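For reference, target09.txt (compact mmCIF, C-alpha atoms and all ligand atoms):
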# COMPACT_ATOMS: atom_id res chain seq x y z
CA MET D 130 3.39 -35.41 28.24
CA ASP D 131 4.91 -32.17 26.91
CA LYS D 132 6.52 -33.39 23.69
CA LYS D 133 7.92 -29.93 22.95
CA VAL D 134 10.77 -30.68 25.38
CA PHE D 135 12.05 -33.32 22.91
CA ARG D 136 12.96 -30.38 20.66
CA ASP D 137 15.74 -29.54 23.16
CA ILE D 138 17.50 -32.83 22.43
CA ASN D 139 20.32 -32.14 19.96
CA TYR D 140 20.69 -34.05 16.70
CA GLY D 141 22.57 -33.82 13.42
CA MET D 142 21.12 -34.14 9.92
CA TYR D 143 21.99 -37.10 7.69
CA ILE D 144 21.00 -38.95 4.54
CA VAL D 145 21.03 -42.72 4.84
CA SER D 146 21.44 -44.50 1.50
CA THR D 147 21.46 -48.07 0.31
CA LYS D 148 20.70 -49.98 -2.89
CA ASP D 149 19.41 -53.29 -4.20
CA ASP D 150 18.47 -53.15 -7.89
CA LYS D 151 17.76 -49.43 -7.35
CA LYS D 152 19.20 -46.67 -5.18
CA VAL D 153 17.10 -45.64 -2.16
CA GLY D 154 17.60 -43.34 0.82
CA CYS D 155 16.04 -40.89 3.24
CA VAL D 156 16.81 -38.03 5.61
CA ILE D 157 17.28 -38.94 9.26
CA ASN D 158 18.21 -37.03 12.38
CA THR D 159 18.32 -40.04 14.72
CA LEU D 160 21.93 -41.17 14.44
CA THR D 161 24.00 -41.86 17.55
CA GLN D 162 27.58 -43.05 17.84
CA ILE D 163 27.64 -45.99 20.26
CA THR D 164 31.28 -47.09 20.41
CA SER D 165 34.59 -45.66 19.26
CA ASP D 166 36.86 -48.74 19.20
CA ASN D 167 35.54 -50.93 16.44
CA PRO D 168 33.08 -48.06 15.87
CA THR D 169 29.34 -48.67 15.95
CA ILE D 170 26.35 -46.37 15.46
CA SER D 171 22.56 -46.64 15.68
CA ILE D 172 19.85 -45.13 13.45
CA SER D 173 16.08 -45.21 13.89
CA LEU D 174 13.95 -45.86 10.79
CA ASN D 175 10.17 -45.85 10.48
CA LYS D 176 8.82 -49.23 9.31
CA GLU D 177 6.78 -47.43 6.62
CA ASN D 178 9.90 -45.91 5.04
CA TYR D 179 11.05 -47.84 1.99
CA THR D 180 14.69 -47.32 3.03
CA ASN D 181 13.99 -49.47 6.12
CA GLU D 182 12.79 -52.36 3.91
CA VAL D 183 15.87 -52.25 1.65
CA ILE D 184 18.39 -51.90 4.53
CA ARG D 185 16.76 -54.91 6.26
CA LYS D 186 17.34 -56.89 3.07
CA MET D 187 20.83 -55.64 2.13
CA LYS D 188 22.20 -55.32 5.72
CA LYS D 189 24.34 -52.32 4.73
CA PHE D 190 24.00 -48.57 4.22
CA SER D 191 25.96 -45.34 3.98
CA VAL D 192 25.45 -42.16 6.00
CA SER D 193 26.12 -38.73 4.49
CA ILE D 194 26.71 -36.12 7.20
CA LEU D 195 24.91 -32.99 5.94
CA SER D 196 26.37 -29.50 6.32
CA GLU D 197 24.74 -26.08 6.55
CA GLU D 198 25.50 -25.78 2.82
CA THR D 199 23.60 -28.92 1.78
CA SER D 200 20.78 -27.84 -0.54
CA PRO D 201 17.28 -27.61 0.99
CA ASN D 202 16.08 -29.25 -2.26
CA THR D 203 18.14 -32.37 -1.47
CA ILE D 204 16.62 -32.45 2.03
CA ALA D 205 13.10 -31.95 0.61
CA LYS D 206 13.56 -34.77 -1.91
CA PHE D 207 15.10 -37.27 0.54
CA GLY D 208 12.90 -36.25 3.48
CA PHE D 209 9.46 -35.89 1.96
CA SER D 210 9.11 -38.33 -0.95
CA SER D 211 9.51 -42.11 -1.05
CA SER D 212 12.16 -44.02 -2.98
CA LYS D 213 9.37 -46.46 -3.75
CA ASP D 214 7.77 -43.87 -6.07
CA VAL D 215 10.62 -41.66 -7.30
CA ASP D 216 14.30 -41.84 -8.18
CA LYS D 217 15.65 -39.40 -5.58
CA TYR D 218 19.14 -39.48 -7.12
CA VAL D 219 18.19 -37.52 -10.27
CA ASP D 220 19.90 -34.08 -10.13
CA VAL D 221 21.52 -34.80 -6.72
CA PRO D 222 25.31 -35.35 -6.61
CA TYR D 223 26.35 -38.81 -5.41
CA GLU D 224 29.24 -41.27 -5.64
CA GLU D 225 29.52 -45.03 -5.62
CA VAL D 226 31.79 -46.03 -2.69
CA GLU D 227 32.61 -49.67 -1.86
CA ASP D 228 29.40 -50.98 -3.46
CA ASN D 229 27.39 -48.34 -1.59
CA VAL D 230 25.94 -45.07 -2.79
CA VAL D 231 26.82 -41.82 -0.97
CA ILE D 232 25.10 -38.44 -1.40
CA THR D 233 27.86 -35.82 -1.81
CA ASP D 234 25.88 -32.52 -1.89
CA ASN D 235 28.11 -30.26 0.30
CA ILE D 236 28.54 -32.94 2.96
CA CYS D 237 31.00 -32.97 5.87
CA GLY D 238 31.82 -36.63 5.32
CA TYR D 239 30.37 -40.10 5.16
CA LEU D 240 30.24 -43.48 6.92
CA ILE D 241 29.98 -46.91 5.31
CA CYS D 242 28.07 -49.29 7.62
CA GLU D 243 27.10 -52.95 8.01
CA VAL D 244 24.04 -53.86 10.08
CA ILE D 245 24.82 -56.05 13.12
CA ASN D 246 21.47 -55.91 14.96
CA ILE D 247 17.90 -54.67 14.48
CA ILE D 248 15.69 -53.77 17.45
CA ASP D 249 11.92 -53.52 16.94
CA VAL D 250 10.54 -50.50 18.83
CA GLY D 251 6.98 -50.41 17.49
CA THR D 252 6.62 -47.80 14.73
CA HIS D 253 10.39 -47.78 14.16
CA ASP D 254 13.30 -50.20 13.96
CA VAL D 255 16.64 -49.27 15.49
CA PHE D 256 19.48 -50.49 13.30
CA ILE D 257 22.81 -51.03 15.05
CA ALA D 258 25.68 -51.01 12.59
CA ARG D 259 29.43 -51.38 12.47
CA VAL D 260 31.23 -48.55 10.66
CA ILE D 261 33.57 -50.26 8.23
CA ASP D 262 34.86 -47.09 6.60
CA ALA D 263 34.58 -43.34 7.17
CA LYS D 264 35.84 -40.26 5.37
CA LYS D 265 35.85 -36.54 6.17
CA VAL D 266 35.47 -34.61 2.92
CA SER D 267 35.10 -30.96 4.00
CA ASP D 268 35.35 -28.52 6.91
CA LEU D 269 31.82 -27.21 6.32
CA PRO D 270 29.82 -26.78 9.56
CA PRO D 271 27.62 -29.84 10.18
CA MET D 272 23.90 -29.08 9.95
CA THR D 273 22.06 -29.61 13.24
CA TYR D 274 18.37 -30.46 13.50
CA SER D 275 17.88 -27.17 15.33
CA TYR D 276 19.56 -25.21 12.47
CA TYR D 277 17.27 -27.00 10.02
CA HIS D 278 14.20 -25.88 12.00
CA LYS D 279 15.33 -22.39 13.02
CA VAL D 280 17.39 -21.16 10.05
CA ILE D 281 16.08 -23.12 7.06
CA LYS D 282 12.62 -23.21 8.70
CA GLY D 283 12.23 -26.86 7.74
CA THR D 284 9.58 -29.20 9.08
CA SER D 285 9.50 -32.94 9.90
CA PRO D 286 7.10 -35.36 8.24
CA ARG D 287 4.81 -37.67 10.20
CA LYS D 288 7.21 -40.60 9.73
CA ALA D 289 10.16 -38.85 11.43
CA PRO D 290 10.56 -40.08 15.05
CA THR D 291 10.82 -36.48 16.25
CA TYR D 292 7.56 -35.39 14.57
CA VAL D 293 5.57 -32.96 16.74
CA LEU D 294 2.41 -31.20 15.54
CA GLU D 295 3.24 -27.54 14.93
CA ASP D 296 1.75 -25.07 17.40
CA VAL D 297 -0.75 -22.90 15.60
CA GLU D 298 -2.80 -20.02 17.02
CA SER D 299 -6.46 -20.95 16.45
CA ASP D 300 -7.31 -17.88 14.34
CA GLU D 301 -4.06 -17.93 12.31
CA GLU D 302 -4.09 -18.68 8.54
CA VAL D 303 -1.95 -21.78 7.87
CA TRP D 304 -0.66 -22.82 4.42
CA VAL D 305 1.11 -26.17 3.89
CA CYS D 306 3.41 -27.01 0.95
CA ASP D 307 2.10 -30.16 -0.75
CA VAL D 308 5.65 -31.10 -1.88
CA CYS D 309 7.74 -30.85 1.29
CA GLY D 310 5.28 -30.12 4.11
CA TYR D 311 6.68 -26.66 4.93
CA VAL D 312 4.16 -24.72 7.06
CA HIS D 313 3.66 -21.01 6.36
CA LYS D 314 1.68 -19.14 9.01
CA GLY D 315 -0.22 -15.93 8.15
CA PRO D 316 -1.33 -14.44 4.79
CA ILE D 317 0.52 -15.73 1.71
CA SER D 318 1.46 -13.60 -1.32
CA ASP D 319 0.95 -14.69 -4.98
CA ASP D 320 4.73 -14.72 -5.62
CA PHE D 321 5.51 -16.79 -2.49
CA ILE D 322 8.22 -19.43 -3.06
CA CYS D 323 8.64 -22.37 -0.69
CA PRO D 324 11.91 -21.75 1.24
CA ILE D 325 12.52 -25.49 1.51
CA CYS D 326 11.81 -27.00 -1.90
CA GLY D 327 11.41 -23.91 -4.11
CA VAL D 328 7.93 -24.61 -5.53
CA ASN D 329 5.53 -21.72 -6.16
CA ARG D 330 2.37 -20.55 -4.40
CA SER D 331 0.11 -23.00 -6.32
CA HIS D 332 1.55 -25.86 -4.22
CA PHE D 333 0.30 -24.34 -0.95
CA GLN D 334 -2.98 -25.66 0.45
CA LYS D 335 -4.86 -23.78 3.17
CA LYS D 336 -5.43 -25.82 6.35
C1 LIG Y 401 14.35 -33.34 9.21
C2 LIG Y 401 13.86 -34.75 8.97
C3 LIG Y 401 14.24 -35.75 9.85
C4 LIG Y 401 13.81 -37.07 9.64
N1 LIG Y 401 14.23 -38.06 10.48
C5 LIG Y 401 13.86 -39.33 10.26
C6 LIG Y 401 14.38 -40.40 11.06
O1 LIG Y 401 15.22 -40.20 11.94
N2 LIG Y 401 13.92 -41.66 10.82
C7 LIG Y 401 13.00 -41.93 9.84
O2 LIG Y 401 12.60 -43.09 9.67
N3 LIG Y 401 12.51 -40.95 9.04
C8 LIG Y 401 12.93 -39.66 9.22
N4 LIG Y 401 12.48 -38.68 8.40
C9 LIG Y 401 11.45 -38.99 7.40
C10 LIG Y 401 11.97 -39.68 6.11
O3 LIG Y 401 13.09 -39.01 5.59
C11 LIG Y 401 10.81 -39.66 5.08
O4 LIG Y 401 9.69 -40.36 5.59
C12 LIG Y 401 11.21 -40.18 3.71
O5 LIG Y 401 10.24 -39.73 2.78
C13 LIG Y 401 11.30 -41.71 3.63
O6 LIG Y 401 11.69 -42.05 2.33
P1 LIG Y 401 11.75 -43.57 1.80
O7 LIG Y 401 10.33 -44.09 1.73
O8 LIG Y 401 12.38 -43.46 0.45
O9 LIG Y 401 12.57 -44.34 2.77
C14 LIG Y 401 12.95 -37.37 8.54
C15 LIG Y 401 12.61 -36.35 7.64
C16 LIG Y 401 13.06 -35.05 7.85
C17 LIG Y 401 12.69 -33.96 6.86
How does the structure come out when it is put into structure tokens?
Amino acid sequence: MDKKVFRDINYGMYIVSTKDDKKVGCVINTLTQITSDNPTISISLNKENYTNEVIRKMKKFSVSILSEETSPNTIAKFGFSSSKDVDKYVDVPYEEVEDNVVITDNICGYLICEVINIIDVGTHDVFIARVIDAKKVSDLPPMTYSYYHKVIKGTSPRKAPTYVLEDVESDEEVWVCDVCGYVHKGPISDDFICPICGVNRSHFQKK
């Protein structure tokens, strides 16, 4: 199967948040609107992601719709570390809305959702949810998954459903950021800064 063709499926970029005794959340691209009347959506979450565990328990979550102006650092933090180990909300703007937490870093808007069904699809669960409130907060252009890959040059971690091993020429030098997983191909300079999470050259490991 040629999995590269999946890259031609269009997606947006979102942060899904929820909370029990602590705030958790992660980046997703797998959100789909299902119905418009009595609106419903679906999201796909890896069973190994801590956010999945807490949403299963709390049966509610918010979705922040990211824009092209959302900071790459916010995406790195919510997309490459686990809420189990770190408080992702430190230094990231957020608001409490209707007993939910919503990331507000240059977003287009947000949805407040209640889970109505969970479908087990092996590595991931698909959560079907009713949107109980929604708000547009800016006219910023929504960030697409393609923009994230092509313009920000972001990568996807193993636990993202759309993960595809990067194509690498066999004799090419490859350096991988140990914070966010960004892949730099070719020689790397001493003053290189990760374009995704901003760490310096010492965080790059040669593969
Ligand atoms: C661009 C991008 C898209 C992602 N899409 C998804 C997704 O749709 N579903 C998912 O479960 N994880 C996705 N991930 C991975 C999670 O954000 C990541 O595993 C995160 O560290 C999980 O954090 P948690 O353990 O706090 O839940 C994506 C990550 C990135 C960077």
Edge lengths and centre in Å to one decimal, as JSON, is what I'm after for the box along x, y and z that holds all listed atoms of ligand LIG 401 (chain Y) once 5 Å is added on each side.
{"center_x": 12.5, "center_y": -38.8, "center_z": 6.2, "size_x": 15.5, "size_y": 21.0, "size_z": 21.5}
Query - Which of D:Ile261, D:Leu195, D:Val312, D:Val280 sits closest to D:Val156 [using only C-alpha atoms] - result: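 Looking at the shortest contact to D:Val156, the residue is D:Leu195.
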Query raised in the report: Using only C-alpha atoms and all ligand atoms, which of D:Arg259, D:His313, D:Lys279, D:His332 sits nearest ligand LIG 401 (chain Y)?
Result: D:Lys279
**Report entry** Expected selection as a PyMOL selection string for ligand LIG 401 (chain Y) within 6 Å, only C-alpha atoms and all ligand atoms
**Finding:** chain D and resi 153-159+173-175+178-180+207-213+285-286+288-290
Query raised in the report: Near D:Asp254, counting only C-alpha atoms, which residues have an atom at most 9 Å away, once you skip same-chain residues fewer than 2 positions from it, shown as an MDAnalysis selection string?
Result: chainID D and resid 172:176 181 247:252 256
Query raised in the report: Residues at most 8 Å from D:Leu269, counting only C-alpha atoms, excluding those fewer than 6 positions away in the same chain, as a PyMOL selection string?
Result: chain D and resi 196-198+235-237
**Report entry** Among listed residues D:Lys264, D:Arg136, D:Lys217, D:Lys151, nearest D:Ile194 (using all atoms listed in the file)
**Finding:**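 Nearest candidate to D:Ile194 out of D:Lys264, D:Arg136, D:Lys217, D:Lys151: D:Lys264.
In this model, the gap between atom CA of D:Val226 and atom CA of D:Lys265 comes to 13.6 Å.
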Query raised in the report: Nearest to D:Tyr311 among D:Glu225, D:Val215, D:Gly141, D:Ile204, with distances taken over only C-alpha atoms: which residue is it?
Result: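 That would be D:Ile204, the residue with the smallest distance to D:Tyr311.
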Query - Pick from D:Val183, D:Cys326, D:Ser171, D:Phe321, whichever lies nearest to D:Asn246 using only C-alpha atoms - result: D:Ser171
Report task. Counting all atoms listed in the file, figure out which residue out of D:Gln162, D:Tyr274, D:Lys206, D:Phe135 gets nearest to D:Cys242. Result ->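 So, comparing all the options, the nearest one is D:Gln162.
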Requested in this report: For D:Thr273, list every protein, DNA or RNA residue within 8 Å, evaluated using all atoms listed in the file, and leave out those in the same chain fewer than 5 positions away; present the list as JSON, numbers by chain.
Outcome: {"D": [139, 140, 141, 142]}
**Report entry** Nearby residues (only C-alpha atoms) at most 10 Å from D:Val260, same-chain spacing under 6 positions excluded, as number ranges by chain
**Finding:** D: 162, 164-165, 167-170, 189-192, 240-244
**Report entry** Sphere at (21.5, -42.0, -5.2), radius 10 Å, counting all atoms listed in the file: residues as JSON, numbers by chain
**Finding:** {"D": [146, 147, 148, 151, 152, 153, 154, 207, 212, 216, 217, 218, 219, 220, 221, 222, 223, 224, 225, 229, 230, 231, 232, 233]}
**Report entry** Separation of atom CA of D:Thr199 from atom CA of D:Phe333 in Å
**Finding:**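 According to the coordinates, atom CA of D:Phe333 and atom CA of D:Thr199 are separated by 23.9 Å.
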Report task. Work out how far atom CA of D:Leu160 is from atom CA of D:Met130, in Å to one decimal. Result ->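 So the answer is 23.8 Å.
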Where atoms are lacking, stretch 316-332 of chain D completed to N, CA and C atoms, as a PDB file, in the frame of the given file:
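Okay, result-v2.pdb is ready:
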ATOM      1  N   PRO D 316      -0.934 -14.618   6.197  1.00  0.00           N
ATOM      2  CA  PRO D 316      -1.330 -14.440   4.790  1.00  0.00           C
ATOM      3  C   PRO D 316      -0.169 -14.819   3.862  1.00  0.00           C
ATOM      4  N   ILE D 317      -0.509 -15.301   2.659  1.00  0.00           N
ATOM      5  CA  ILE D 317       0.520 -15.730   1.710  1.00  0.00           C
ATOM      6  C   ILE D 317       0.399 -14.910   0.424  1.00  0.00           C
ATOM      7  N   SER D 318       1.534 -14.441  -0.113  1.00  0.00           N
ATOM      8  CA  SER D 318       1.460 -13.600  -1.320  1.00  0.00           C
ATOM      9  C   SER D 318       1.481 -14.484  -2.576  1.00  0.00           C
ATOM     10  N   ASP D 319       1.028 -13.920  -3.728  1.00  0.00           N
ATOM     11  CA  ASP D 319       0.950 -14.690  -4.980  1.00  0.00           C
ATOM     12  C   ASP D 319       2.326 -15.132  -5.477  1.00  0.00           C
ATOM     13  N   ASP D 320       3.384 -14.354  -5.132  1.00  0.00           N
ATOM     14  CA  ASP D 320       4.730 -14.720  -5.620  1.00  0.00           C
ATOM     15  C   ASP D 320       5.522 -15.488  -4.563  1.00  0.00           C
ATOM     16  N   PHE D 321       4.820 -16.051  -3.570  1.00  0.00           N
ATOM     17  CA  PHE D 321       5.510 -16.790  -2.490  1.00  0.00           C
ATOM     18  C   PHE D 321       6.200 -18.026  -3.067  1.00  0.00           C
ATOM     19  N   ILE D 322       7.440 -18.248  -2.646  1.00  0.00           N
ATOM     20  CA  ILE D 322       8.220 -19.430  -3.060  1.00  0.00           C
ATOM     21  C   ILE D 322       8.543 -20.224  -1.805  1.00  0.00           C
ATOM     22  N   CYS D 323       8.363 -21.537  -1.854  1.00  0.00           N
ATOM     23  CA  CYS D 323       8.640 -22.370  -0.690  1.00  0.00           C
ATOM     24  C   CYS D 323      10.143 -22.287  -0.328  1.00  0.00           C
ATOM     25  N   PRO D 324      10.477 -21.876   0.895  1.00  0.00           N
ATOM     26  CA  PRO D 324      11.910 -21.750   1.240  1.00  0.00           C
ATOM     27  C   PRO D 324      12.618 -23.080   1.358  1.00  0.00           C
ATOM     28  N   ILE D 325      11.874 -24.182   1.414  1.00  0.00           N
ATOM     29  CA  ILE D 325      12.520 -25.490   1.510  1.00  0.00           C
ATOM     30  C   ILE D 325      12.737 -26.110   0.141  1.00  0.00           C
ATOM     31  N   CYS D 326      11.649 -26.234  -0.648  1.00  0.00           N
ATOM     32  CA  CYS D 326      11.810 -27.000  -1.900  1.00  0.00           C
ATOM     33  C   CYS D 326      11.652 -26.128  -3.143  1.00  0.00           C
ATOM     34  N   GLY D 327      11.364 -24.833  -2.980  1.00  0.00           N
ATOM     35  CA  GLY D 327      11.410 -23.910  -4.110  1.00  0.00           C
ATOM     36  C   GLY D 327      10.192 -23.901  -5.018  1.00  0.00           C
ATOM     37  N   VAL D 328       9.122 -24.632  -4.658  1.00  0.00           N
ATOM     38  CA  VAL D 328       7.930 -24.610  -5.530  1.00  0.00           C
ATOM     39  C   VAL D 328       7.145 -23.322  -5.304  1.00  0.00           C
ATOM     40  N   ASN D 329       6.241 -22.992  -6.284  1.00  0.00           N
ATOM     41  CA  ASN D 329       5.530 -21.720  -6.160  1.00  0.00           C
ATOM     42  C   ASN D 329       4.241 -21.843  -5.348  1.00  0.00           C
ATOM     43  N   ARG D 330       3.560 -20.731  -5.240  1.00  0.00           N
ATOM     44  CA  ARG D 330       2.370 -20.550  -4.400  1.00  0.00           C
ATOM     45  C   ARG D 330       1.264 -21.576  -4.686  1.00  0.00           C
ATOM     46  N   SER D 331       1.202 -22.076  -5.954  1.00  0.00           N
ATOM     47  CA  SER D 331       0.110 -23.000  -6.320  1.00  0.00           C
ATOM     48  C   SER D 331       0.214 -24.324  -5.550  1.00  0.00           C
ATOM     49  N   HIS D 332       1.383 -24.610  -4.984  1.00  0.00           N
ATOM     50  CA  HIS D 332       1.550 -25.860  -4.220  1.00  0.00           C
ATOM     51  C   HIS D 332       1.145 -25.718  -2.754  1.00  0.00           C
TER      52      HIS D 332
END
